[in-house]
$ cat data-v2.txt   # compact mmCIF, C-alpha atoms
# COMPACT_ATOMS: atom_id res chain seq x y z
CA MET N 191 83.46 77.30 174.71
CA PRO N 192 80.54 75.50 173.15
CA MET N 193 78.58 73.23 175.46
CA ASP N 194 78.14 69.61 174.49
CA GLU N 195 74.72 68.26 173.68
CA GLN N 196 74.28 66.36 176.92
CA GLU N 197 74.88 69.46 178.97
CA LEU N 198 72.47 71.45 176.83
CA ILE N 199 69.88 68.72 177.30
CA SER N 200 70.25 68.60 181.07
CA ARG N 201 70.08 72.40 181.30
CA SER N 202 67.02 72.42 179.05
CA ARG N 203 65.39 69.82 181.27
CA ALA N 204 65.96 72.19 184.17
CA GLY N 205 64.02 74.85 182.27
CA ASP N 206 66.90 76.80 180.71
CA VAL N 207 65.35 78.23 177.55
CA GLN N 208 68.63 79.57 176.24
CA ALA N 209 70.20 76.12 176.42
CA PHE N 210 67.18 74.69 174.63
CA ASN N 211 67.49 77.37 171.94
CA LEU N 212 71.04 76.23 171.26
CA LEU N 213 69.62 72.77 170.59
CA VAL N 214 66.98 74.34 168.35
CA GLU N 215 69.64 76.12 166.34
CA GLN N 216 71.50 72.88 165.97
CA TYR N 217 68.52 70.89 164.71
CA GLN N 218 66.18 73.39 163.08
CA ARG N 219 67.51 72.85 159.55
CA LEU N 220 67.08 69.10 159.80
CA VAL N 221 63.65 69.39 161.42
CA PHE N 222 62.44 71.89 158.85
CA ASN N 223 63.70 69.85 155.89
CA VAL N 224 62.09 66.65 157.15
CA ALA N 225 58.86 68.54 157.79
CA LEU N 226 59.02 70.14 154.36
CA ARG N 227 59.48 66.84 152.51
CA MET N 228 56.75 65.27 154.59
CA MET N 229 54.26 68.07 154.10
CA GLY N 230 55.17 69.37 150.64
CA ASN N 231 54.13 72.81 151.86
CA VAL N 232 56.46 75.51 153.19
CA GLU N 233 54.02 77.21 155.53
CA ALA N 234 52.74 73.95 156.96
CA ALA N 235 56.34 72.76 157.41
CA GLU N 236 57.14 75.97 159.32
CA ASP N 237 54.15 75.46 161.58
CA ALA N 238 54.98 71.81 162.14
CA SER N 239 58.60 72.66 162.97
CA GLN N 240 57.63 75.38 165.40
CA ASP N 241 55.05 73.15 167.04
CA ALA N 242 57.60 70.37 167.30
CA PHE N 243 60.12 72.58 169.11
CA LEU N 244 57.47 73.98 171.44
CA SER N 245 56.21 70.49 172.24
CA ALA N 246 59.77 69.32 172.78
CA TYR N 247 60.46 72.21 175.14
CA LYS N 248 57.35 71.43 177.15
CA ALA N 249 58.14 67.71 177.18
CA MET N 250 61.86 68.02 178.02
CA GLY N 251 61.09 66.61 181.44
CA ASN N 252 59.93 63.39 179.78
CA PHE N 253 63.10 62.95 177.72
CA ARG N 254 64.80 59.90 179.15
CA GLY N 255 68.13 60.08 177.38
CA GLY N 256 69.14 58.38 174.15
CA SER N 257 69.35 60.18 170.84
CA PHE N 258 67.98 63.70 171.04
CA LYS N 259 67.97 63.85 167.23
CA ALA N 260 65.72 60.78 167.01
CA TRP N 261 63.49 62.16 169.77
CA ILE N 262 63.03 65.60 168.20
CA LEU N 263 62.38 64.01 164.80
CA ARG N 264 59.78 61.69 166.29
CA ILE N 265 58.02 64.74 167.72
CA THR N 266 58.38 66.44 164.32
CA THR N 267 56.85 63.54 162.40
CA ASN N 268 53.96 63.37 164.88
CA SER N 269 53.45 67.09 164.45
CA CYS N 270 53.55 66.64 160.64
CA ARG N 271 50.94 63.88 160.79
CA ASP N 272 48.65 66.09 162.86
CA LYS N 273 49.08 68.96 160.41
CA MET N 274 48.59 66.72 157.39
CA ARG N 275 45.21 65.64 158.65
CA VAL N 276 44.22 69.28 158.61
CA ALA N 277 46.12 70.08 155.39
CA ARG N 278 44.31 67.37 153.43
CA ARG N 279 41.31 69.62 153.56
CA ALA N 280 43.27 72.77 152.79
CA ARG N 281 44.86 73.98 149.59
CA VAL N 282 48.37 72.61 149.21
CA ILE N 283 50.96 75.08 147.97
CA SER N 284 53.30 73.46 145.51
CA LEU N 285 56.95 73.09 146.38
CA ASP N 286 57.72 74.73 143.04
CA THR N 287 57.21 78.13 144.62
CA MET N 288 59.70 77.37 147.34
CA LEU N 289 62.27 75.82 145.05
CA LEU N 290 62.26 78.76 142.66
CA GLU N 291 63.10 81.17 145.44
CA PRO N 292 66.79 82.04 145.91
CA GLU N 293 68.26 79.64 148.35
CA SER N 294 71.62 79.75 150.04
CA ASP N 295 73.00 76.31 149.39
CA PRO N 296 76.76 76.62 149.83
CA GLU N 297 77.30 73.05 148.69
CA ALA N 298 75.54 73.74 145.43
CA SER N 299 77.03 77.11 144.64
CA ASP N 300 80.62 76.09 145.40
CA ILE N 301 80.80 72.82 143.52
CA GLU N 302 78.09 72.89 140.87
CA SER N 303 77.80 75.05 137.82
CA PRO N 304 74.62 77.19 137.61
CA GLU N 305 73.32 74.75 135.00
CA ASP N 306 73.81 71.75 137.22
CA TYR N 307 72.31 73.58 140.14
CA ALA N 308 69.22 74.46 138.11
CA LEU N 309 69.02 70.84 137.01
CA ARG N 310 69.21 69.65 140.57
CA ARG N 311 66.40 71.93 141.56
CA GLU N 312 64.34 70.65 138.67
CA LEU N 313 64.99 67.14 139.85
CA GLY N 314 63.99 68.15 143.35
CA LYS N 315 60.58 69.08 141.99
CA PHE N 316 60.06 65.64 140.47
CA ILE N 317 61.25 63.88 143.57
CA ASP N 318 59.02 65.99 145.81
CA GLU N 319 56.06 65.27 143.62
CA GLY N 320 56.88 61.58 143.69
CA LEU N 321 57.24 61.62 147.46
CA THR N 322 53.75 63.00 147.88
CA HIS N 323 52.46 59.87 146.09
CA LEU N 324 53.95 57.54 148.68
CA PRO N 325 52.25 56.36 151.86
CA GLU N 326 53.39 58.38 154.90
CA ASP N 327 55.54 55.62 156.43
CA GLN N 328 57.39 54.84 153.20
CA ARG N 329 57.83 58.56 152.53
CA LEU N 330 59.33 59.17 155.97
CA ALA N 331 61.70 56.20 155.63
CA ILE N 332 62.96 57.53 152.28
CA ILE N 333 63.28 61.12 153.53
CA LEU N 334 65.30 60.06 156.53
CA CYS N 335 67.45 57.44 154.85
CA ASP N 336 67.97 58.70 151.30
CA ILE N 337 67.58 62.47 151.64
CA GLN N 338 68.86 63.08 155.18
CA GLY N 339 71.34 60.21 155.14
CA PHE N 340 70.25 58.44 158.35
CA SER N 341 71.32 54.87 159.04
CA TYR N 342 68.70 52.13 159.19
CA GLU N 343 69.04 52.06 162.97
CA GLU N 344 68.41 55.79 163.27
CA VAL N 345 65.39 55.55 160.98
CA ALA N 346 64.07 52.72 163.14
CA GLN N 347 64.52 54.89 166.24
CA VAL N 348 62.71 57.86 164.72
CA MET N 349 59.92 55.73 163.35
CA ASP N 350 59.76 53.65 166.50
CA SER N 351 59.78 50.50 164.36
CA SER N 352 61.89 47.38 163.94
CA LEU N 353 64.78 47.20 161.49
CA GLY N 354 62.84 44.71 159.38
CA THR N 355 59.94 47.14 159.05
CA VAL N 356 62.30 49.94 158.04
CA LYS N 357 63.94 47.75 155.36
CA SER N 358 60.59 46.74 153.99
CA ARG N 359 59.31 50.34 153.90
CA LEU N 360 62.46 51.53 152.20
CA ASN N 361 62.34 48.80 149.58
CA ARG N 362 58.69 49.40 148.76
CA GLY N 363 59.06 53.15 148.86
CA ARG N 364 62.03 53.22 146.53
CA THR N 365 60.32 50.86 144.08
CA ARG N 366 57.17 52.97 144.05
CA LEU N 367 59.13 56.18 143.62
CA ARG N 368 61.14 54.57 140.81
CA ASP N 369 57.90 53.56 139.09
CA PHE N 370 56.57 57.11 139.49
CA LEU N 371 59.72 58.56 137.90
CA LEU N 372 59.66 55.97 135.12
CA GLY N 373 56.13 57.06 134.30
CA ARG N 374 57.41 60.60 133.75
CA LYS N 375 60.85 59.87 132.38
CA GLU N 376 60.34 62.11 129.35
CA LEU N 377 60.11 65.03 131.77
CA LEU N 378 63.41 64.19 133.42
CA PRO N 379 66.69 65.61 132.11
CA PRO N 380 68.29 63.07 129.69
CA ARG N 381 71.12 62.09 131.98
CA PHE N 382 68.73 61.23 134.76
CA ARG N 383 66.25 59.24 132.68
CA LEU N 384 65.58 55.86 134.14
CA ASP N 385 65.34 52.68 132.16
CA LYS N 386 63.75 49.51 133.28
CA MET F 111 59.14 24.37 136.16
CA PHE F 112 62.53 25.94 135.64
CA LEU F 113 60.91 29.23 134.66
CA PHE F 114 58.70 29.17 137.74
CA LYS F 115 61.75 28.64 139.98
CA ARG F 116 63.61 31.44 138.21
CA GLU F 117 60.69 33.84 138.64
CA ARG F 118 60.56 33.05 142.32
CA LEU F 119 64.28 33.66 142.64
CA CYS F 120 63.95 37.00 140.79
CA GLU F 121 61.17 37.99 143.15
CA LYS F 122 63.29 37.09 146.16
CA VAL F 123 66.33 38.94 144.85
CA GLN F 124 64.33 42.03 143.93
CA GLY F 125 63.05 42.13 147.51
CA MET F 126 66.67 42.33 148.69
CA LEU F 127 67.98 44.83 146.15
CA SER F 128 67.44 47.80 148.43
CA GLU F 129 69.52 46.25 151.19
CA TYR F 130 72.07 45.05 148.65
CA MET F 131 72.55 48.61 147.45
CA ASP F 132 73.01 49.82 151.02
CA ASN F 133 75.43 46.99 151.90
CA ARG F 134 73.06 45.72 154.54
CA LEU F 135 72.95 42.08 153.48
CA GLY F 136 74.79 39.27 155.18
CA ASN F 137 77.52 37.44 153.28
CA GLY F 138 75.29 34.55 152.21
CA ASP F 139 72.47 36.71 150.85
CA ARG F 140 74.92 39.09 149.25
CA ALA F 141 76.60 36.27 147.35
CA LEU F 142 73.23 34.92 146.25
CA VAL F 143 72.11 38.31 144.93
CA LYS F 144 75.42 38.95 143.24
CA SER F 145 75.45 35.64 141.40
CA HIS F 146 71.82 36.10 140.37
CA LEU F 147 72.48 39.60 139.06
CA ASP F 148 75.33 38.31 136.96
CA ALA F 149 72.95 35.89 135.28
CA CYS F 150 69.68 37.87 135.19
CA GLU F 151 69.48 40.94 132.98
CA ALA F 152 66.01 41.98 134.20
CA CYS F 153 67.11 42.06 137.82
CA SER F 154 70.26 43.95 136.85
CA ARG F 155 68.15 46.58 135.15
CA GLU F 156 65.91 46.68 138.21
CA LEU F 157 68.96 47.32 140.39
CA ALA F 158 70.24 50.02 138.03
CA SER F 159 66.92 51.88 138.06
CA LEU F 160 66.69 51.68 141.85
CA ARG F 161 70.25 52.89 142.15
CA MET F 162 69.47 55.86 139.92
CA THR F 163 66.39 56.65 142.01
CA VAL F 164 68.45 56.67 145.19
CA GLN F 165 71.09 58.82 143.52
CA LEU F 166 68.39 61.28 142.56
CA LEU F 167 67.19 61.31 146.17
CA HIS F 168 70.72 62.04 147.36
CA ARG F 169 70.75 65.05 145.07
CA VAL F 170 67.63 66.65 146.50
CA PRO F 171 68.78 70.01 147.87
CA GLN F 172 68.54 70.90 151.51
CA VAL F 173 66.44 73.98 152.10
CA GLU F 174 67.50 76.78 154.41
CA VAL F 175 65.12 77.54 157.25
CA PRO F 176 62.95 80.54 156.39
CA ARG F 177 63.16 81.78 159.97
CA SER F 178 64.51 80.84 163.35
CA PHE F 179 62.45 78.42 165.42
CA THR F 180 64.03 79.41 168.71
CA ILE F 181 61.77 80.07 171.64
CA ALA F 182 61.66 83.42 173.38
CA VAL F 183 62.71 83.54 177.00
CA PRO F 184 59.52 84.02 178.96
CA GLU F 185 59.33 87.49 180.45
CA PRO F 186 58.98 87.67 184.21
CA ARG F 187 55.30 87.66 184.91
CA ARG F 188 53.79 90.87 186.16
CA GLU F 189 51.40 89.90 188.89
CA GLY F 190 48.71 92.48 188.42
CA VAL F 191 45.03 92.20 189.23
CA LEU F 192 44.72 89.60 186.49
CA GLY F 193 47.86 87.62 187.22
CA ALA F 194 47.80 83.86 187.70
CA SER F 195 47.44 84.39 191.46
CA SER F 196 44.19 86.27 190.89
CA LEU F 197 42.56 82.85 190.56
CA ARG F 198 42.89 82.62 194.33
CA TRP F 199 40.24 85.28 194.79
CA LEU F 200 38.41 84.82 191.47
CA ARG F 201 37.35 81.23 192.19
CA PRO F 202 35.75 81.83 195.61
CA ALA F 203 34.26 85.12 194.44
CA THR F 204 32.61 83.36 191.49
CA ALA F 205 31.35 80.60 193.76
CA VAL F 206 29.88 83.10 196.23
CA ALA F 207 28.27 85.10 193.42
CA THR F 208 26.73 81.92 192.01
CA VAL F 209 25.33 80.89 195.39
CA VAL F 210 23.91 84.36 196.03
CA LEU F 211 22.29 84.44 192.61
CA VAL F 212 20.78 80.99 193.08
CA VAL F 213 19.42 81.97 196.49
CA LEU F 214 17.94 85.18 195.09
CA LEU F 215 16.30 83.30 192.23
CA ALA F 216 14.96 80.70 194.63
CA VAL F 217 13.51 83.36 196.91
CA ASP F 218 11.96 85.13 193.93
CA PHE F 219 10.52 81.90 192.61
CA LEU F 220 9.11 80.85 195.99
CA ASN F 221 7.60 84.30 196.47
CA ILE F 222 5.78 84.10 193.16
CA ALA F 223 4.83 80.46 193.55
CA GLY F 224 3.65 80.98 197.11
CA ASN F 225 1.43 83.93 196.16
CA ALA F 226 -0.06 82.64 192.97
CA PRO F 227 -2.57 79.94 193.98
CA ASP F 228 -4.42 81.60 196.87
CA GLY F 229 -4.67 85.04 195.29
CA GLY F 230 -2.07 86.40 197.71
CA ASP F 231 -0.77 89.87 198.23
CA LEU F 232 1.12 90.95 195.24
CA LEU F 233 -0.77 89.39 192.40
CA ASN F 234 -4.14 90.32 193.75
CA GLU F 235 -3.14 93.85 194.30
CA LEU F 236 -2.32 94.39 190.69
CA PRO F 237 -5.87 94.53 189.43
CA SER F 238 -6.83 96.79 192.32
CA ARG F 239 -4.64 99.41 190.75
CA ASN F 240 -6.50 98.88 187.52
CA PHE F 241 -9.58 99.27 189.46
CA SER F 242 -8.62 102.74 190.55
CA THR F 243 -7.62 103.55 187.03
CA LEU F 244 -10.94 102.27 185.93
CA VAL F 245 -12.57 104.87 188.10
CA THR F 246 -10.55 107.59 186.42
CA ASP F 247 -11.03 106.35 182.88
CA SER F 248 -14.66 105.41 182.93
CA ALA F 249 -16.11 107.55 185.61
CA GLY F 250 -19.50 107.70 183.89
CA ASN F 251 -20.74 104.18 183.28
CA GLU F 252 -18.85 102.26 185.88
CA THR F 253 -19.41 104.50 188.89
CA GLY F 254 -22.22 102.46 190.31
CA MET F 255 -20.24 99.32 190.70
CA LEU F 256 -17.07 101.02 191.72
CA THR F 257 -18.44 103.13 194.50
CA GLU F 258 -19.58 99.97 196.24
CA VAL F 259 -16.01 98.75 196.43
CA SER F 260 -13.91 101.87 196.45
CA PRO F 261 -13.71 103.69 199.75
CA ALA F 262 -13.45 107.07 198.03
CA PRO F 263 -15.75 108.27 195.28
CA GLY F 264 -13.01 109.86 193.21
CA PRO F 265 -9.84 108.47 191.70
CA ARG F 266 -7.58 106.90 194.28
CA PRO F 267 -3.88 106.43 193.70
CA PHE F 268 -2.72 102.94 194.38
CA ASP F 269 -0.67 102.53 197.54
CA THR F 270 0.78 99.08 197.79
CA THR F 271 2.61 99.89 200.99
CA LYS F 272 -0.62 100.61 202.65
CA ALA F 273 -2.12 97.53 201.16
CA LEU F 274 0.73 95.38 202.45
CA ILE F 275 0.64 96.92 205.89
CA ALA F 276 -3.12 96.76 206.13
CA GLY F 277 -3.05 92.99 206.11
CA ASN F 278 -5.63 90.45 205.21
CA GLN F 279 -8.72 92.48 205.68
CA THR F 280 -7.76 95.14 203.18
CA ILE F 281 -6.50 92.52 200.85
CA GLY F 282 -9.83 90.76 201.12
CA ASN F 283 -11.62 93.92 200.08
CA GLU F 284 -9.26 94.44 197.26
CA THR F 285 -9.85 90.92 196.14
CA ALA F 286 -13.54 91.49 196.23
CA GLY F 287 -13.08 94.57 194.14
CA ASN F 288 -11.07 92.58 191.82
CA GLU F 289 -13.77 90.09 191.21
CA THR F 290 -16.18 92.90 190.58
CA VAL F 291 -13.98 94.33 187.96
CA GLY F 292 -13.72 90.93 186.39
CA ASN F 293 -17.46 90.62 186.20
CA GLU F 294 -17.85 94.11 184.97
CA THR F 295 -15.45 93.56 182.16
CA ALA F 296 -17.09 90.32 181.21
CA GLY F 297 -20.50 91.95 181.25
CA ASN F 298 -19.63 94.92 179.10
CA GLU F 299 -17.61 93.06 176.53
CA THR F 300 -16.25 96.40 175.45
CA GLY F 301 -12.58 95.71 176.04
CA MET F 302 -12.22 99.33 177.08
CA PHE F 303 -10.21 98.35 180.12
CA ALA F 304 -7.71 96.34 178.23
CA PRO F 305 -5.01 99.02 177.88
CA THR F 306 -5.10 99.90 181.54
CA ALA F 307 -5.62 96.35 182.70
CA LEU F 308 -2.04 95.25 181.87
CA PRO F 309 -0.26 94.36 185.08
CA PRO F 310 2.92 96.31 185.68
CA ALA F 311 6.22 94.53 186.24
CA GLU F 312 6.64 93.08 189.68
CA GLY F 313 9.86 94.97 190.32
CA THR F 314 8.01 98.20 189.73
CA ILE F 315 5.42 97.17 192.23
CA GLU F 316 8.10 96.37 194.74
CA GLN F 317 9.81 99.65 194.10
CA GLU F 318 6.64 101.54 194.39
CA ALA F 319 6.02 99.67 197.55
CA GLY F 320 9.43 100.76 198.79
CA GLY F 321 10.20 97.06 199.43
CA PHE F 322 13.16 94.89 198.51
CA PRO F 323 14.10 95.46 194.80
CA LEU F 324 14.70 91.73 194.22
CA ARG F 325 14.66 91.72 190.43
CA GLN F 326 17.20 94.49 190.12
CA ILE F 327 19.53 92.72 192.53
CA GLU F 328 19.13 89.51 190.54
CA ILE F 329 20.13 91.28 187.33
CA ALA F 330 23.07 92.99 189.01
CA MET F 331 24.20 89.71 190.53
CA GLY F 332 23.93 88.03 187.11
CA ALA F 333 26.11 90.75 185.58
CA VAL F 334 28.67 90.40 188.36
CA LEU F 335 28.75 86.62 187.90
CA PHE F 336 29.19 86.98 184.12
CA ALA F 337 32.08 89.40 184.64
CA LEU F 338 33.76 87.06 187.13
CA VAL F 339 33.45 84.07 184.78
CA ALA F 340 34.85 86.13 181.90
CA LEU F 341 37.82 87.16 184.06
CA MET F 342 38.44 83.55 185.05
CA VAL F 343 38.43 82.42 181.41
CA PHE F 344 40.84 85.24 180.54
CA VAL F 345 43.26 84.35 183.35
CA LEU F 346 43.10 80.62 182.54
CA ARG F 347 43.84 81.26 178.85
CA GLN F 348 46.82 83.39 179.83
CA ARG F 349 48.14 80.57 181.97
CA ARG F 350 47.86 78.04 179.14
CA SER F 351 50.35 79.80 176.84
CA PRO F 352 53.38 80.57 178.97
CA VAL F 353 55.88 80.24 176.11
CA ARG F 354 56.07 82.90 173.46
CA VAL F 355 57.47 82.26 170.00
CA LYS F 356 60.03 84.68 168.67

$ encode --input "data-v2.txt" --output "structure tokens"
Amino acid sequence: MPMDEQELISRSRAGDVQAFNLLVEQYQRLVFNVALRMMGNVEAAEDASQDAFLSAYKAMGNFRGGSFKAWILRITTNSCRDKMRVARRARVISLDTMLLEPESDPEASDIESPEDYALRRELGKFIDEGLTHLPEDQRLAIILCDIQGFSYEEVAQVMDSSLGTVKSRLNRGRTRLRDFLLGRKELLPPRFRLDK
Amino acid sequence: MFLFKRERLCEKVQGMLSEYMDNRLGNGDRALVKSHLDACEACSRELASLRMTVQLLHRVPQVEVPRSFTIAVPEPRREGVLGASSLRWLRPATAVATVVLVVLLAVDFLNIAGNAPDGGDLLNELPSRNFSTLVTDSAGNETGMLTEVSPAPGPRPFDTTKALIAGNQTIGNETAGNETVGNETAGNETGMFAPTALPPAEGTIEQEAGGFPLRQIEIAMGAVLFALVALMVFVLRQRRSPVRVK
């Protein structure tokens, strides 16, 4: 019988690594995807994710309840920021490499035709490039809200900000990203071309 | 005036478009935005482009994790010689080694410093060895001066033990001999004594004298201290990374 999250958390706080690993398995996809969109670099995203889980394991004693998802993502974004400071000086590997690799996306393969799937991946490239042009806070707000589907309240929890700040970051971020895509609309597939 | 008011309204509405799209506006603001959008084509286009951007964002694919990020269960620690508990003996051992080394260095320093100014035992005996060598090397020319100082006419091997045991009187003689050699060298200006006049290392003197080999013990103690510090660093680094990644 699967344990509920609260039980896993309390066992992890008591030092049970196996319980913590069940939490890792539950959140690693989310953590890695957020890290990947933040960093724009697969290897750096892997490092940031691993560091985030290690830090979380060490800091489980400090977890005072609330949303574990928000807590682990806050650790992840802090880890990403630390890595980005280092990565700014290093060569950034384009997401193109990652996106061209075979990827098991059941949602895509079941519903979409191969053409649509390829199109979606192409779009992903543009979006990722656009995201890298946004300030970190706006980028994170968009990743969490528009890519990961978080509510405003959850985004505020992860970003440790007020709702007003989240709304403002989202609005500015979306407008900037829209402007970026408009500047390259001839590169977008016809059905996704934006008009202003 | 009308245009200015309209521009301000557009600006206000455009600031709320994001929330409008996400159904996060209150009834009043929502009605305001809706009625403005019905009348303003520019703001409608703005909304459409933002909506398309968000739709594109929703279509960004999720990426599968390239590997698992689970954490390995820490293996039970084997408490060997270099286990975490070894710090219990490493710390005091390092402290003791440090104190011993400092004491040895202090003794060595005081010994040298104490002997240096008044032409004491060790330093003043060094040239007396040269003196005897001088007899061997330059038996011809220097004999006159040397025979006055040296108790034996022929070459005499240096015996520091004797010199140390003999006390001040012998040392006084040796010192006198020393001065003579100094004068002799200065007088001749040949520099012939230079190769043999180099003082040997103090440790060698002590060894020859059969005394306490201070310098060797200092070096050994230094090596022991270095090894202990290296072990401590190793053990501390092991303690810092208790969790292993799979």

$ closest_residue --input "data-v2.txt" --among "N:Glu376, N:Glu326, N:Glu233, N:Asp272" --to "chain F" --atoms "all atoms listed in the file"
N:Glu233

$ interface_residues --input "data-v2.txt" --of "chain F" --to "chain N" --cutoff "10 Å" --atoms "only C-alpha atoms" --output "PyMOL selection string"
chain F and resi 124-129+132+134+152-184+353-355

$ atom_distance --input "data-v2.txt" --atom1 "CA of Ala203 in chain F" --atom2 "CA of Leu338 in chain F"
7.6 Å

$ atom_distance --input "data-v2.txt" --atom1 "CA of Val143 in chain F" --atom2 "CA of Val123 in chain F"
5.8 Å

$ residues_around --input "data-v2.txt" --residues "Ala346 in chain N" --least-positions-apart "2" --cutoff "10 Å" --atoms "only C-alpha atoms" --output "ChimeraX atom specification"
/N:260,331,334,340-344,348-357

$ write_last_selection --input "data-v2.txt" --atoms "C-alpha atoms" --output "mmCIF file, keeping the file's coordinate frame"
data_model
loop_
_atom_site.group_PDB
_atom_site.id
_atom_site.type_symbol
_atom_site.label_atom_id
_atom_site.label_comp_id
_atom_site.auth_asym_id
_atom_site.auth_seq_id
_atom_site.Cartn_x
_atom_site.Cartn_y
_atom_site.Cartn_z
ATOM 1 C CA ALA N 260 65.720 60.780 167.010
ATOM 2 C CA ALA N 331 61.700 56.200 155.630
ATOM 3 C CA LEU N 334 65.300 60.060 156.530
ATOM 4 C CA PHE N 340 70.250 58.440 158.350
ATOM 5 C CA SER N 341 71.320 54.870 159.040
ATOM 6 C CA TYR N 342 68.700 52.130 159.190
ATOM 7 C CA GLU N 343 69.040 52.060 162.970
ATOM 8 C CA GLU N 344 68.410 55.790 163.270
ATOM 9 C CA VAL N 348 62.710 57.860 164.720
ATOM 10 C CA MET N 349 59.920 55.730 163.350
ATOM 11 C CA ASP N 350 59.760 53.650 166.500
ATOM 12 C CA SER N 351 59.780 50.500 164.360
ATOM 13 C CA SER N 352 61.890 47.380 163.940
ATOM 14 C CA LEU N 353 64.780 47.200 161.490
ATOM 15 C CA GLY N 354 62.840 44.710 159.380
ATOM 16 C CA THR N 355 59.940 47.140 159.050
ATOM 17 C CA VAL N 356 62.300 49.940 158.040
ATOM 18 C CA LYS N 357 63.940 47.750 155.360
#

$ residues_around --input "data-v2.txt" --residues "range 325-336 of chain F" --least-positions-apart "4" --cutoff "7 Å" --atoms "all atoms listed in the file" --output "list in words"
Thr204, Ala207, Thr208, Leu211, Leu214, Gly313 and Ala340 of chain F

$ write_last_selection --input "data-v2.txt" --atoms "C-alpha atoms" --output "PDB file, keeping the file's coordinate frame"
ATOM      1  CA  THR F 204      32.610  83.360 191.490  1.00  0.00           C
ATOM      2  CA  ALA F 207      28.270  85.100 193.420  1.00  0.00           C
ATOM      3  CA  THR F 208      26.730  81.920 192.010  1.00  0.00           C
ATOM      4  CA  LEU F 211      22.290  84.440 192.610  1.00  0.00           C
ATOM      5  CA  LEU F 214      17.940  85.180 195.090  1.00  0.00           C
ATOM      6  CA  GLY F 313       9.860  94.970 190.320  1.00  0.00           C
ATOM      7  CA  ALA F 340      34.850  86.130 181.900  1.00  0.00           C
TER       8      ALA F 340
END

$ atom_distance --input "data-v2.txt" --atom1 "CA of Met228 in chain N" --atom2 "CA of Ser257 in chain N"
21.2 Å

$ decode --input "data-v2.txt" --residues "range 154-158 of chain F" --atoms "all heavy atoms" --output "PDB file, in the first residue's frame"
ATOM      1  N   SER F 154      -7.532  44.293 -28.133  1.00  0.00           N
ATOM      2  CA  SER F 154      -8.000  42.944 -28.480  1.00  0.00           C
ATOM      3  C   SER F 154      -6.880  42.146 -29.133  1.00  0.00           C
ATOM      4  O   SER F 154      -6.700  40.952 -28.852  1.00  0.00           O
ATOM      5  CB  SER F 154      -9.179  43.019 -29.453  1.00  0.00           C
ATOM      6  OG  SER F 154     -10.292  43.560 -28.815  1.00  0.00           O
ATOM      7  N   ARG F 155      -6.149  42.841 -30.018  1.00  0.00           N
ATOM      8  CA  ARG F 155      -5.024  42.150 -30.674  1.00  0.00           C
ATOM      9  C   ARG F 155      -3.943  41.807 -29.633  1.00  0.00           C
ATOM     10  O   ARG F 155      -3.330  40.742 -29.692  1.00  0.00           O
ATOM     11  CB  ARG F 155      -4.430  43.038 -31.777  1.00  0.00           C
ATOM     12  CG  ARG F 155      -5.215  42.983 -33.086  1.00  0.00           C
ATOM     13  CD  ARG F 155      -4.332  43.373 -34.270  1.00  0.00           C
ATOM     14  NE  ARG F 155      -3.680  44.653 -34.098  1.00  0.00           N
ATOM     15  CZ  ARG F 155      -4.220  45.824 -34.484  1.00  0.00           C
ATOM     16  NH1 ARG F 155      -5.406  45.858 -35.062  1.00  0.00           N
ATOM     17  NH2 ARG F 155      -3.566  46.953 -34.304  1.00  0.00           N
ATOM     18  N   GLU F 156      -3.747  42.720 -28.720  1.00  0.00           N
ATOM     19  CA  GLU F 156      -2.782  42.498 -27.633  1.00  0.00           C
ATOM     20  C   GLU F 156      -3.175  41.232 -26.851  1.00  0.00           C
ATOM     21  O   GLU F 156      -2.327  40.381 -26.550  1.00  0.00           O
ATOM     22  CB  GLU F 156      -2.775  43.726 -26.709  1.00  0.00           C
ATOM     23  CG  GLU F 156      -1.835  43.636 -25.529  1.00  0.00           C
ATOM     24  CD  GLU F 156      -0.434  44.112 -25.836  1.00  0.00           C
ATOM     25  OE1 GLU F 156      -0.213  44.641 -26.944  1.00  0.00           O
ATOM     26  OE2 GLU F 156       0.448  43.940 -24.975  1.00  0.00           O
ATOM     27  N   LEU F 157      -4.440  41.141 -26.530  1.00  0.00           N
ATOM     28  CA  LEU F 157      -4.926  39.968 -25.787  1.00  0.00           C
ATOM     29  C   LEU F 157      -4.733  38.694 -26.614  1.00  0.00           C
ATOM     30  O   LEU F 157      -4.279  37.668 -26.083  1.00  0.00           O
ATOM     31  CB  LEU F 157      -6.415  40.146 -25.441  1.00  0.00           C
ATOM     32  CG  LEU F 157      -7.069  38.946 -24.737  1.00  0.00           C
ATOM     33  CD1 LEU F 157      -6.452  38.736 -23.362  1.00  0.00           C
ATOM     34  CD2 LEU F 157      -8.573  39.124 -24.616  1.00  0.00           C
ATOM     35  N   ALA F 158      -5.034  38.780 -27.899  1.00  0.00           N
ATOM     36  CA  ALA F 158      -4.923  37.585 -28.755  1.00  0.00           C
ATOM     37  C   ALA F 158      -3.471  37.109 -28.815  1.00  0.00           C
ATOM     38  O   ALA F 158      -3.197  35.898 -28.720  1.00  0.00           O
ATOM     39  CB  ALA F 158      -5.432  37.904 -30.152  1.00  0.00           C
TER      40      ALA F 158
END
